[in-house]
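> Below is one structure. I have some questions about it.
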Amino acid sequence: MNFKKKNRDFVWIAVLLVLLLGLNACEEKEYPAIILNTEADTTLVDTTYMLSEIPAKQDKVVVIEEFSGVQCVNCPQGARTVEEILAANPGRVISTVMHAGGFADPFSNSQEDFAIDETEDLNTFFTVAGYPAAVIDRTIFDGQDQEAIAANLTSWEVFTEERLELTTPVNLSVTIEYNDETRRLKSSVEAVYTEMVEEEHKLSVFLVENGIIDLQDDIDFGLIEDYEHNHVVRDMLTASRGIVLYEGTKEAGLTVFKEFAIELKDNWKPEKCEIVAFIHKSLESKEIVQGAKTKLE
């Protein structure tokens with residue numbers, strides 16, 4: 001028997017098997033081309049450019065992130081406190097309300113469940129332990145050991161006023177386009193740096209809705225069937241903890257322009273919705289440096 005010939009035949013057979021398997025593996029790894037199916041999707045923009053002339057600084061806008069729940073009997077008082085702060089500082093303070101935690105579980109006859117994955121994640125991120133709680137500009141203030149401030153509602157106004165005294169290194173604006181037929185909302189966010197910033201900044205974009213009528217427990221009035229829920233976070237157009245706005249040093253004049261799109265659910269009322277955006281730090285500090293919002297008209 002010619003063992004050399006037999007070995008050579010075996011080697012060739014082995015090589016052919018390997019090649020065939022390799023070809024099959026390559027075929028399995030092929031992915032279909034990514035196609036943007038709609039004309040609207042192809043218009044989404046993410047770009048940066050430099051301005052030759054640095055604009056004047058905007059006034060600092062403070063963002064209050066309130067953590068709440070429909071079964072939290074003290075939460076209506078927290079909501080009233082925030083409304084008082086908003087009324088006292090028109091255009092300078094923005095509110096979002098995040099339903100999360102055990103008190104956010106809906107009643108058996110509630111129309112909706114306001115808690116979503118993003119609000120639950122941020123509830124964990126800020127280690128919220130009591131409700132209602134307010135996270136004011138994601139800042140840890142003197143005498144506090146974390147960003148979430150519960151129980152002492154009077155401090156919410158004091159800390160908001162403290163933040164209003166600051167300046168911001170970046171101007172922020174939000175514009176909206178809405179198609180009533182498709183219920184598709186496109187939001188454009190523009191950030192213009194008025195001074196150099198080296199630390200990392202992230203961008204968070206929320207869709208919130210006002211005037212939602214549903215159940216709410218209240219320590220003073222009991223279970224309210226027609227309670228008006230405002231500033232409720234319906235969804236996020238970014239990751240829950242934000243996305244990096246721009247890699248590297250932000251020189252004065254740097255302009256970052258990003259567009260986001262979302263389709264409104266059937267039970268969301270467009271005329272009651274608004275987009276809230278803010279730029280925040282993301283390393284040792286979570287501080288919000290500037291916020292902006294705009295309503296659907």
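Ligands are numbered from 1 in the order shown, residues from 1 within each chain, and chains are lettered A, B, ... in the order they appear in the structure tokens.
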Name the residues of segment 60-190 of chain A that come out as strand (DSSP E) in a backbone DSSP run; write them as JSON, numbers by chain.
{"A": [62, 63, 64, 65, 66, 67, 68, 93, 94, 95, 96, 97, 98, 99, 133, 134, 135, 136, 148, 149, 150, 170, 171, 172, 173, 174, 175, 176, 177, 178, 179, 184, 185, 186, 187, 188, 189, 190]}
> Per residue of segment 117-224 of chain A within 12 Å of segment 71-94 of chain A, what are the shortest atom pair and its distance in Å to one decimal, counting only C-alpha atoms, with rows by chain and residue number, as CSV?

```
residue,atom,partner,partner_atom,distance
A:Gly130,CA,A:Cys72,CA,9.8
A:Tyr131,CA,A:Cys75,CA,6.5
A:Pro132,CA,A:Cys75,CA,4.9
A:Ala133,CA,A:Gly78,CA,7.7
A:Ala134,CA,A:Gly78,CA,8.4
A:Val135,CA,A:Val82,CA,11.4
A:Ile136,CA,A:Val93,CA,9.9
A:Asp137,CA,A:Ile94,CA,9.8
A:Ile149,CA,A:Gly78,CA,11.0
A:Ala150,CA,A:Gly78,CA,9.2
A:Ala151,CA,A:Gly78,CA,9.0
A:Asn152,CA,A:Gly78,CA,9.7
A:Leu153,CA,A:Gly78,CA,6.8
A:Thr154,CA,A:Thr81,CA,8.1
A:Ser155,CA,A:Thr81,CA,10.3
A:Trp156,CA,A:Val82,CA,7.9
A:Glu157,CA,A:Ile85,CA,6.3
A:Val158,CA,A:Ile85,CA,9.8
A:Phe159,CA,A:Ile85,CA,10.8
A:Thr160,CA,A:Ile85,CA,8.1
A:Glu161,CA,A:Ile85,CA,9.1
A:Arg163,CA,A:Val93,CA,10.0
A:Leu164,CA,A:Arg92,CA,7.6
A:Glu165,CA,A:Arg92,CA,10.9
A:Leu166,CA,A:Arg92,CA,11.7
A:Phe206,CA,A:Ile94,CA,11.6
A:Val208,CA,A:Ile94,CA,11.1
A:Asp214,CA,A:Gln71,CA,11.7
A:Leu215,CA,A:Gln71,CA,8.8
A:Gln216,CA,A:Gln71,CA,6.4
A:Asp217,CA,A:Val73,CA,5.0
A:Asp218,CA,A:Val73,CA,4.2
A:Ile219,CA,A:Val73,CA,4.7
A:Asp220,CA,A:Val73,CA,8.1
A:Phe221,CA,A:Val73,CA,9.2
A:Gly222,CA,A:Val73,CA,7.9
A:Leu223,CA,A:Val73,CA,8.7
A:Ile224,CA,A:Pro76,CA,10.4
```
> Deliver the residues from the most recent selection as a file, using N, CA and C atoms, as a short mmCIF file (atom, residue, chain, number, x, y, z; two decimals), in the first residue's frame.

```
data_model
loop_
_atom_site.label_atom_id
_atom_site.label_comp_id
_atom_site.auth_asym_id
_atom_site.auth_seq_id
_atom_site.Cartn_x
_atom_site.Cartn_y
_atom_site.Cartn_z
N GLY A 130 -36.09 58.15 48.86
CA GLY A 130 -37.35 58.66 49.36
C GLY A 130 -38.06 59.45 48.29
N TYR A 131 -39.40 59.51 48.37
CA TYR A 131 -40.20 60.18 47.35
C TYR A 131 -41.17 61.15 48.01
N PRO A 132 -41.40 62.32 47.40
CA PRO A 132 -40.76 62.77 46.17
C PRO A 132 -39.31 63.17 46.41
N ALA A 133 -38.52 63.12 45.36
CA ALA A 133 -37.13 63.57 45.42
C ALA A 133 -36.87 64.49 44.24
N ALA A 134 -35.99 65.44 44.45
CA ALA A 134 -35.61 66.34 43.36
C ALA A 134 -34.10 66.26 43.16
N VAL A 135 -33.70 66.10 41.92
CA VAL A 135 -32.29 66.19 41.54
C VAL A 135 -32.16 67.52 40.81
N ILE A 136 -31.49 68.47 41.42
CA ILE A 136 -31.43 69.84 40.89
C ILE A 136 -30.09 70.05 40.20
N ASP A 137 -30.14 70.15 38.89
CA ASP A 137 -28.92 70.33 38.08
C ASP A 137 -27.89 69.23 38.34
N ILE A 149 -32.55 64.81 46.45
CA ILE A 149 -32.94 65.47 47.71
C ILE A 149 -34.40 65.15 47.99
N ALA A 150 -34.64 64.40 49.04
CA ALA A 150 -36.01 64.04 49.41
C ALA A 150 -36.38 64.75 50.72
N ALA A 151 -37.64 64.69 51.06
CA ALA A 151 -38.17 65.17 52.35
C ALA A 151 -38.17 66.69 52.47
N ASN A 152 -37.02 67.33 52.45
CA ASN A 152 -36.94 68.77 52.71
C ASN A 152 -37.26 69.55 51.44
N LEU A 153 -38.55 69.80 51.22
CA LEU A 153 -38.96 70.47 49.99
C LEU A 153 -38.52 71.92 49.92
N THR A 154 -38.37 72.58 51.06
CA THR A 154 -37.97 73.99 51.05
C THR A 154 -36.56 74.16 50.47
N SER A 155 -35.74 73.13 50.58
CA SER A 155 -34.38 73.23 50.06
C SER A 155 -34.37 73.23 48.53
N TRP A 156 -35.43 72.71 47.91
CA TRP A 156 -35.47 72.68 46.45
C TRP A 156 -35.39 74.10 45.88
N GLU A 157 -36.15 75.00 46.47
CA GLU A 157 -36.14 76.39 46.00
C GLU A 157 -34.80 77.05 46.29
N VAL A 158 -34.27 76.81 47.48
CA VAL A 158 -32.99 77.44 47.87
C VAL A 158 -31.87 77.00 46.93
N PHE A 159 -31.80 75.72 46.65
CA PHE A 159 -30.73 75.21 45.79
C PHE A 159 -30.92 75.63 44.33
N THR A 160 -32.18 75.74 43.91
CA THR A 160 -32.44 76.23 42.55
C THR A 160 -31.95 77.66 42.40
N GLU A 161 -32.26 78.50 43.38
CA GLU A 161 -31.80 79.89 43.35
C GLU A 161 -30.28 79.97 43.33
N ARG A 163 -28.23 77.83 41.97
CA ARG A 163 -27.77 77.46 40.64
C ARG A 163 -28.06 78.56 39.61
N LEU A 164 -29.11 79.31 39.81
CA LEU A 164 -29.46 80.38 38.88
C LEU A 164 -28.43 81.50 38.87
N GLU A 165 -27.61 81.58 39.90
CA GLU A 165 -26.59 82.63 39.98
C GLU A 165 -25.37 82.32 39.13
N LEU A 166 -25.27 81.10 38.61
CA LEU A 166 -24.09 80.69 37.87
C LEU A 166 -24.15 81.09 36.40
N PHE A 206 -35.05 64.39 26.44
CA PHE A 206 -36.27 63.77 26.95
C PHE A 206 -37.50 64.25 26.17
N VAL A 208 -41.30 64.85 27.11
CA VAL A 208 -42.19 64.92 28.27
C VAL A 208 -43.57 65.37 27.82
N ASP A 214 -55.04 61.18 35.27
CA ASP A 214 -55.04 59.79 35.74
C ASP A 214 -55.02 59.80 37.27
N LEU A 215 -55.08 58.63 37.86
CA LEU A 215 -55.14 58.50 39.32
C LEU A 215 -53.86 58.98 39.99
N GLN A 216 -54.02 59.49 41.21
CA GLN A 216 -52.89 59.88 42.06
C GLN A 216 -53.34 59.88 43.51
N ASP A 217 -52.57 59.23 44.34
CA ASP A 217 -52.86 59.26 45.77
C ASP A 217 -52.32 60.56 46.36
N ASP A 218 -53.01 61.10 47.35
CA ASP A 218 -52.63 62.39 47.93
C ASP A 218 -52.89 62.34 49.43
N ILE A 219 -51.91 62.76 50.23
CA ILE A 219 -52.04 62.69 51.68
C ILE A 219 -53.16 63.58 52.20
N ASP A 220 -53.46 64.67 51.45
CA ASP A 220 -54.50 65.61 51.90
C ASP A 220 -55.88 65.27 51.36
N PHE A 221 -55.95 64.72 50.14
CA PHE A 221 -57.24 64.54 49.47
C PHE A 221 -57.57 63.09 49.16
N GLY A 222 -56.72 62.16 49.53
CA GLY A 222 -56.97 60.76 49.23
C GLY A 222 -56.71 60.45 47.76
N LEU A 223 -57.34 59.43 47.25
CA LEU A 223 -57.13 59.02 45.87
C LEU A 223 -57.88 59.97 44.93
N ILE A 224 -57.12 60.67 44.10
CA ILE A 224 -57.70 61.64 43.16
C ILE A 224 -57.83 60.98 41.79
#
```
> Which residues are close to segment 181-189 of chain A, i.e. within 8 Å by only C-alpha atoms, leaving aside same-chain residues fewer than 3 positions away? Reply as an MDAnalysis selection string.
chainID A and resid 172:178 257:265 275 277
> Next, dump the selected residues to file, keeping only C-alpha atoms, as a PDB file, in the first residue's frame.

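Saved result, selection32.pdb, follows:
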```
ATOM      1  CA  LEU A 172     -28.159  75.364  24.049  1.00  0.00           C
ATOM      2  CA  SER A 173     -31.252  75.493  21.849  1.00  0.00           C
ATOM      3  CA  VAL A 174     -33.893  72.997  20.716  1.00  0.00           C
ATOM      4  CA  THR A 175     -36.192  73.099  17.692  1.00  0.00           C
ATOM      5  CA  ILE A 176     -38.936  70.654  16.667  1.00  0.00           C
ATOM      6  CA  GLU A 177     -40.566  69.491  13.445  1.00  0.00           C
ATOM      7  CA  TYR A 178     -43.700  67.369  13.759  1.00  0.00           C
ATOM      8  CA  PHE A 257     -25.672  70.044  15.917  1.00  0.00           C
ATOM      9  CA  LYS A 258     -27.589  66.806  16.399  1.00  0.00           C
ATOM     10  CA  GLU A 259     -30.995  65.613  15.245  1.00  0.00           C
ATOM     11  CA  PHE A 260     -33.179  62.940  16.821  1.00  0.00           C
ATOM     12  CA  ALA A 261     -36.462  61.388  15.768  1.00  0.00           C
ATOM     13  CA  ILE A 262     -39.251  59.538  17.543  1.00  0.00           C
ATOM     14  CA  GLU A 263     -42.770  58.405  16.679  1.00  0.00           C
ATOM     15  CA  LEU A 264     -45.378  59.487  19.222  1.00  0.00           C
ATOM     16  CA  LYS A 265     -47.562  56.749  20.655  1.00  0.00           C
ATOM     17  CA  ILE A 275     -38.613  68.260  24.232  1.00  0.00           C
ATOM     18  CA  ALA A 277     -32.459  68.712  26.463  1.00  0.00           C
TER      19      ALA A 277
END
```
> Set the distance at 9 Å and use only C-alpha atoms: which residues neighbour Pro106 of chain A once local chain neighbours fewer than 6 positions away are removed? I'd like the list as an mmCIF file with N, CA and C atoms, in the first residue's frame.

```
data_model
loop_
_atom_site.group_PDB
_atom_site.id
_atom_site.type_symbol
_atom_site.label_atom_id
_atom_site.label_comp_id
_atom_site.auth_asym_id
_atom_site.auth_seq_id
_atom_site.Cartn_x
_atom_site.Cartn_y
_atom_site.Cartn_z
ATOM 1 N N GLY A 69 -44.316 59.085 42.008
ATOM 2 C CA GLY A 69 -45.077 57.851 41.813
ATOM 3 C C GLY A 69 -46.535 58.091 42.119
ATOM 4 N N VAL A 70 -47.420 57.393 41.437
ATOM 5 C CA VAL A 70 -48.856 57.623 41.615
ATOM 6 C C VAL A 70 -49.343 57.143 42.979
ATOM 7 N N GLN A 71 -48.613 56.231 43.621
ATOM 8 C CA GLN A 71 -49.001 55.753 44.946
ATOM 9 C C GLN A 71 -48.244 56.465 46.067
ATOM 10 N N GLU A 112 -52.733 54.372 32.896
ATOM 11 C CA GLU A 112 -51.396 54.191 32.347
ATOM 12 C C GLU A 112 -50.392 53.814 33.427
ATOM 13 N N ASP A 113 -49.263 53.287 32.964
ATOM 14 C CA ASP A 113 -48.101 53.045 33.811
ATOM 15 C C ASP A 113 -47.032 54.012 33.329
ATOM 16 N N PHE A 114 -46.716 55.018 34.160
ATOM 17 C CA PHE A 114 -45.796 56.072 33.740
ATOM 18 C C PHE A 114 -44.323 55.685 33.838
ATOM 19 N N ALA A 115 -44.009 54.638 34.573
ATOM 20 C CA ALA A 115 -42.621 54.217 34.723
ATOM 21 C C ALA A 115 -42.135 53.576 33.418
ATOM 22 N N LEU A 215 -55.080 58.630 37.863
ATOM 23 C CA LEU A 215 -55.139 58.497 39.317
ATOM 24 C C LEU A 215 -53.855 58.977 39.992
#
```
> Just want the 10 Å neighbourhood of segment 54-56 of chain A, counted on only C-alpha atoms, with same-chain residues fewer than 3 positions away dropped. Output as JSON, numbers by chain.
{"A": [50, 51, 59, 170, 171, 192, 193, 194, 195, 252, 253, 254]}
> Give me, please, the distance in Å between atom CA of Asn109 of chain A and atom CA of Asn230 of chain A, quoted to one decimal.
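Going from atom CA of Asn109 of chain A over to atom CA of Asn230 of chain A covers 19.7 Å.
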> Find, counting only C-alpha atoms, the residue in A:Cys273, A:Ser52, A:Asn123, A:Gly211 that gets nearest to Asp235 of chain A.
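Counting only C-alpha atoms, the residue closest to Asp235 of chain A is A:Cys273.
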> Would you tabulate, counting only C-alpha atoms, all residues of segment 225-268 of chain A that have an atom at most 12 Å from an atom of segment 286-297 of chain A, showing the closest pair of atoms and their distance in Å to one decimal, sorted by chain then ascending number, as CSV?

```
residue,atom,partner,partner_atom,distance
A:His231,CA,A:Lys293,CA,11.4
A:Arg241,CA,A:Lys286,CA,9.9
A:Gly242,CA,A:Lys286,CA,10.8
A:Leu264,CA,A:Leu296,CA,11.8
A:Trp268,CA,A:Leu296,CA,12.0
```
> Output N, CA and C atoms for every residue in that selection, as an mmCIF file, in the first residue's frame.

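Saved result, again.cif, follows:
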```cif
data_model
loop_
_atom_site.group_PDB
_atom_site.id
_atom_site.type_symbol
_atom_site.label_atom_id
_atom_site.label_comp_id
_atom_site.auth_asym_id
_atom_site.auth_seq_id
_atom_site.Cartn_x
_atom_site.Cartn_y
_atom_site.Cartn_z
ATOM 1 N N HIS A 231 -45.221 67.355 33.140
ATOM 2 C CA HIS A 231 -43.769 67.165 32.940
ATOM 3 C C HIS A 231 -43.370 65.689 33.010
ATOM 4 N N ARG A 241 -28.548 57.656 30.302
ATOM 5 C CA ARG A 241 -27.515 58.450 30.979
ATOM 6 C C ARG A 241 -26.771 59.383 30.028
ATOM 7 N N GLY A 242 -27.368 59.584 28.857
ATOM 8 C CA GLY A 242 -26.833 60.544 27.912
ATOM 9 C C GLY A 242 -25.858 59.951 26.916
ATOM 10 N N LEU A 264 -44.537 59.368 18.035
ATOM 11 C CA LEU A 264 -45.378 59.487 19.222
ATOM 12 C C LEU A 264 -46.380 58.341 19.277
ATOM 13 N N TRP A 268 -50.313 59.610 23.349
ATOM 14 C CA TRP A 268 -49.598 60.845 23.667
ATOM 15 C C TRP A 268 -50.202 61.984 22.853
#
```
> Residues of segment 156-239 of chain A in helix (DSSP H, G or I) according to DSSP, as a list in words?
Trp156, Glu157, Val158, Phe159, Thr160, Glu161, Glu162, Arg163 and Leu164 of chain A
> Write the residues of the selection above to a file with N, CA and C atoms, as a CSV table (one decimal), in the first residue's frame.

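Final output, saved to again_19.csv:
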```csv
chain,number,residue,atom,x,y,z
A,156,TRP,N,-35.4,72.7,47.9
A,156,TRP,CA,-35.5,72.7,46.5
A,156,TRP,C,-35.4,74.1,45.9
A,157,GLU,N,-36.1,75.0,46.5
A,157,GLU,CA,-36.1,76.4,46.0
A,157,GLU,C,-34.8,77.1,46.3
A,158,VAL,N,-34.3,76.8,47.5
A,158,VAL,CA,-33.0,77.4,47.9
A,158,VAL,C,-31.9,77.0,46.9
A,159,PHE,N,-31.8,75.7,46.6
A,159,PHE,CA,-30.7,75.2,45.8
A,159,PHE,C,-30.9,75.6,44.3
A,160,THR,N,-32.2,75.7,43.9
A,160,THR,CA,-32.4,76.2,42.5
A,160,THR,C,-32.0,77.7,42.4
A,161,GLU,N,-32.3,78.5,43.4
A,161,GLU,CA,-31.8,79.9,43.4
A,161,GLU,C,-30.3,80.0,43.3
A,162,GLU,N,-29.6,79.1,44.0
A,162,GLU,CA,-28.2,79.0,44.1
A,162,GLU,C,-27.6,78.8,42.7
A,163,ARG,N,-28.2,77.8,42.0
A,163,ARG,CA,-27.8,77.5,40.6
A,163,ARG,C,-28.1,78.6,39.6
A,164,LEU,N,-29.1,79.3,39.8
A,164,LEU,CA,-29.5,80.4,38.9
A,164,LEU,C,-28.4,81.5,38.9
```
